[in-house]
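Student: Before anything else, here's the structure in question.
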Amino acid sequence: MDDPANDIIPIIHLITQSPPTLQSQTLHRFYMPTARFTHPLCRTGSWTLRPHFDLCSRDVIACVYRWYKIMS
C-alpha cells in the first residue's frame with residue numbers, strides 16, 4: 001500500500017461486496033491472523049487457536065463480513 005488513503009477504497013469494496021472466495025482472499029491478504037473487529041453490536045477480540053486448531057479471529061471477522069453482505 002503505497003498510498004493508503006486511495007488504496008483502502010477498493011479493499012473495502014472487495015471485503016463488503018465481492019463473492020465469498022474473493023472476500024476471504026482479501027481478508028487473508030490485508031488482515032493479520034489476530035486482527036480484532038469492534039462494533040457496538042459485534043466484537044471478535046484478538047486471538048488464535050493455532051497450531052492445534054486452524055482458527056483465528058481473522059476467520060471470525062470473515063464470517064462477520066459475510067453476514068454483513070447477506071444482510072445488506
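Letters for chains follow the order of the C-alpha cells (A, B, ...), residue numbers begin at 1 for each chain, and ligand numbers begin at 1 in the order shown.
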Excluding A:Ser24 and its own-chain neighbours fewer than 3 positions away, which residues fall within 8 Å of it when counting only C-alpha atoms? Please give them as a VMD selection string.
Tutor: chain A and resid 15 20 to 21 27 to 28 62
Student: With C-alpha atoms kept, could you save the residues just selected as a PDB file, in the first residue's frame?
Tutor:
```pdb
ATOM      1  CA  ILE A  15     -14.430  -7.004   1.644  1.00  0.00           C
ATOM      2  CA  PRO A  20     -17.137 -15.114  -0.624  1.00  0.00           C
ATOM      3  CA  THR A  21     -13.926 -16.579  -2.074  1.00  0.00           C
ATOM      4  CA  LEU A  27      -9.153 -10.586   4.336  1.00  0.00           C
ATOM      5  CA  HIS A  28      -6.258 -13.050   4.424  1.00  0.00           C
ATOM      6  CA  ALA A  62     -14.623 -13.081   7.638  1.00  0.00           C
TER       7      ALA A  62
END
```
Student: Using DSSP assignments from the backbone, pull out every residue in stretch 2-72 of chain A that falls under alpha helix (DSSP H) and give it to me as number ranges by chain.
Tutor: A: 4-17, 20-30, 57-71
Student: May I have the residues within 9 Å of A:Thr34 as a VMD selection string, using only C-alpha atoms and disregarding those fewer than 2 positions away in the same chain?
Tutor: chain A and resid 31 to 32 36 45 to 48 56 to 58
Student: Name the residues in contact with A:Arg43 at a cut-off of 12 Å, using only C-alpha atoms, excluding same-chain residues fewer than 5 positions from it; report them as a list of chain:residue names.
Tutor: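 Selected residues are A:Ala35, A:Arg36, A:Phe37, A:Thr38, A:Ser57, A:Arg58, A:Val60, A:Ile61, A:Cys63, A:Val64.
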Student: If you run DSSP on the backbone here, which positions in chain A get strand (DSSP E)? Please write them as a ChimeraX atom specification.
Tutor: /A:38-39,42-43
Student: With N, CA and C atoms retained, could you export that selection as a CSV table (one decimal), in the first residue's frame?
Tutor:
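Writing the result to selection-v9.csv gives the following:
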```
chain,number,residue,atom,x,y,z
A,38,THR,N,-14.3,-4.5,16.2
A,38,THR,CA,-15.1,-3.9,17.3
A,38,THR,C,-16.1,-3.0,16.7
A,39,HIS,N,-17.4,-3.3,17.0
A,39,HIS,CA,-18.6,-2.6,16.6
A,39,HIS,C,-19.5,-2.6,17.8
A,42,CYS,N,-21.2,-6.0,17.7
A,42,CYS,CA,-20.4,-7.2,17.4
A,42,CYS,C,-19.0,-7.0,17.7
A,43,ARG,N,-18.3,-8.0,18.4
A,43,ARG,CA,-16.9,-7.9,18.7
A,43,ARG,C,-16.3,-9.3,18.5
```
Student: Which one of A:Gln17, A:Phe30, A:Asn6, A:Ile12 sits closest to A:Trp67 if you count only C-alpha atoms?
Tutor: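 Among the listed residues, A:Gln17 lies closest to A:Trp67.
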Student: Between atom CA of A:Pro40 and atom CA of A:Ala5, what is the spacing in Å?
Tutor: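 Result for atom CA of A:Ala5 versus atom CA of A:Pro40: 24.8 Å, one decimal.
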Student: Given the choices A:Pro4, A:Pro51, A:Pro19, A:Pro33, which gets closest to A:Arg66 if the distance is worked out from only C-alpha atoms?
Tutor: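 Closest candidate: A:Pro19.
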